[in-house]
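Report on one structure; see the data block that follows.
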Amino acid sequence: MKWVTRSHVHVDRVACPWLISRFIDSEAEFLFVPVSQIEKVVQETGAIPFDAPGVDLGHHDGKCSFETIVERYGLKEKGLLRLAQIVHGADTNDFASDPVAAGLEAIASGYSLRFPEDLENLAHQFEVYDALYAWCRLQVAKA
């Protein structure tokens with residue numbers, strides 16, 4: 001399936017493709033376009049839009065897109081829910097909500113500087129999310 005979002009990925013637009021690829025659609029193809037072209041791409045390709053203004057899988061009720069996708073797809077694994085808290089804090093700049101959020105924001109900024117091309121950025125950052133998810137699973141197992 002094709003999925004589309006805004007170009008110039010940052011926290012949520014990396015976390016969401018990671019989530020989609022790992023838990024929802026293992027054959028997902030991601031398209032990154034200017035926000036003004038999202039609706040056109042959806043109509044032309046049937047892609048599912050995410051993390052863009054006015055879309056179902058976007059920010060709603062104070063939640064970031066990652067959290068919305070977790071809810072909409074009924075994902076309940078505790079490590080993933082812990083990761084959602086971190087992504088929320090980093091994506092919304094609510095660093096007080098989670099002690100790890102500022103670190104994830106810093107990592108996302110660094111990767112954006114090193115890899116400005118969206119798909120290349122994803123390819124590198126997915127390792128970060130795999131590692132962070134493993135850490136989250138360990139943390140919730142200890143609780």
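We name chains A, B, ... following the order of the structure tokens; residues begin at 1 in each chain, and ligands are numbered from 1 as shown.
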Polymer residues at most 9 Å from Gly58 (chain A), only C-alpha atoms, same-chain spacing of 6 or more positions, as a PyMOL selection string: chain A and resi 49-52+64-69
Polymer residues at most 8 Å from region 128-138 of chain A, only C-alpha atoms, same-chain spacing of 5 or more positions, as a ChimeraX atom specification: /A:15,18,78-80,82-83
Keeping N, CA and C atoms for every residue in the selection just given, could you write it to a file as an mmCIF file, in the first residue's frame?
```
data_model
loop_
_atom_site.group_PDB
_atom_site.id
_atom_site.type_symbol
_atom_site.label_atom_id
_atom_site.label_comp_id
_atom_site.auth_asym_id
_atom_site.auth_seq_id
_atom_site.Cartn_x
_atom_site.Cartn_y
_atom_site.Cartn_z
ATOM 1 N N ALA A 15 8.713 8.519 12.789
ATOM 2 C CA ALA A 15 8.115 7.543 13.706
ATOM 3 C C ALA A 15 6.922 6.836 13.064
ATOM 4 N N TRP A 18 7.974 4.229 10.494
ATOM 5 C CA TRP A 18 8.530 3.095 11.238
ATOM 6 C C TRP A 18 7.390 2.247 11.793
ATOM 7 N N LYS A 78 2.652 -2.893 25.265
ATOM 8 C CA LYS A 78 3.082 -1.888 26.249
ATOM 9 C C LYS A 78 4.363 -1.158 25.861
ATOM 10 N N GLY A 79 5.304 -1.831 25.240
ATOM 11 C CA GLY A 79 6.521 -1.163 24.793
ATOM 12 C C GLY A 79 6.223 -0.120 23.733
ATOM 13 N N LEU A 80 5.289 -0.429 22.865
ATOM 14 C CA LEU A 80 4.882 0.506 21.823
ATOM 15 C C LEU A 80 4.161 1.715 22.420
ATOM 16 N N ARG A 82 4.738 2.894 25.370
ATOM 17 C CA ARG A 82 5.803 3.686 25.996
ATOM 18 C C ARG A 82 6.515 4.536 24.949
ATOM 19 N N LEU A 83 6.788 3.946 23.798
ATOM 20 C CA LEU A 83 7.403 4.684 22.702
ATOM 21 C C LEU A 83 6.499 5.835 22.252
#
```
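For the choices A:His8, A:Val70, A:Leu122, A:Ile107, the atom-to-atom distance to Glu29 (chain A) is smallest for A:Leu122 when using only C-alpha atoms.
Of note, CA of Thr5 (chain A) and CA of Glu27 (chain A) are spaced 16.6 Å apart.
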Pick from A:Lys2, A:Ser26, A:Gly74, A:His59 nearest to Glu44 (chain A), counting only C-alpha atoms: A:Lys2
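Atom pair CA of His60 (chain A) / CA of Arg72 (chain A) has a distance of 11.6 Å (rounded to one decimal).
Those residues in chain A carrying a DSSP assignment of strand (DSSP E), computed from the backbone, are Lys2, Trp3, Val4, Thr5, Arg6, Glu29, Phe30, Leu31, Phe32, Val33, Ile48 and Pro49 of chain A.
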7 Å contact set for region 97-105 of chain A, only C-alpha atoms, chain neighbours under 2 positions out, as a ChimeraX atom specification: /A:11,85-87,89-90,94-95,107-109
Separation of CA of Val9 (chain A) from CA of Val35 (chain A) in Å: 11.9 Å
Helix (DSSP H, G or I) call set, DSSP backbone run, chain A, as a ChimeraX atom specification: /A:11-24,35-45,65-72,78-91,95-97,101-114,118-142
Residue contacts of Val41 (chain A) (12 Å, only C-alpha atoms) excluding same-chain residues fewer than 3 positions away, as a ChimeraX atom specification: /A:2-6,30-38,44-49
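Of the residues under consideration (A:Gly110, A:Val140, A:His10, A:Ile20), A:Ile20 shows the shortest atom-to-atom contact distance to Leu75 (chain A) when counting only C-alpha atoms.
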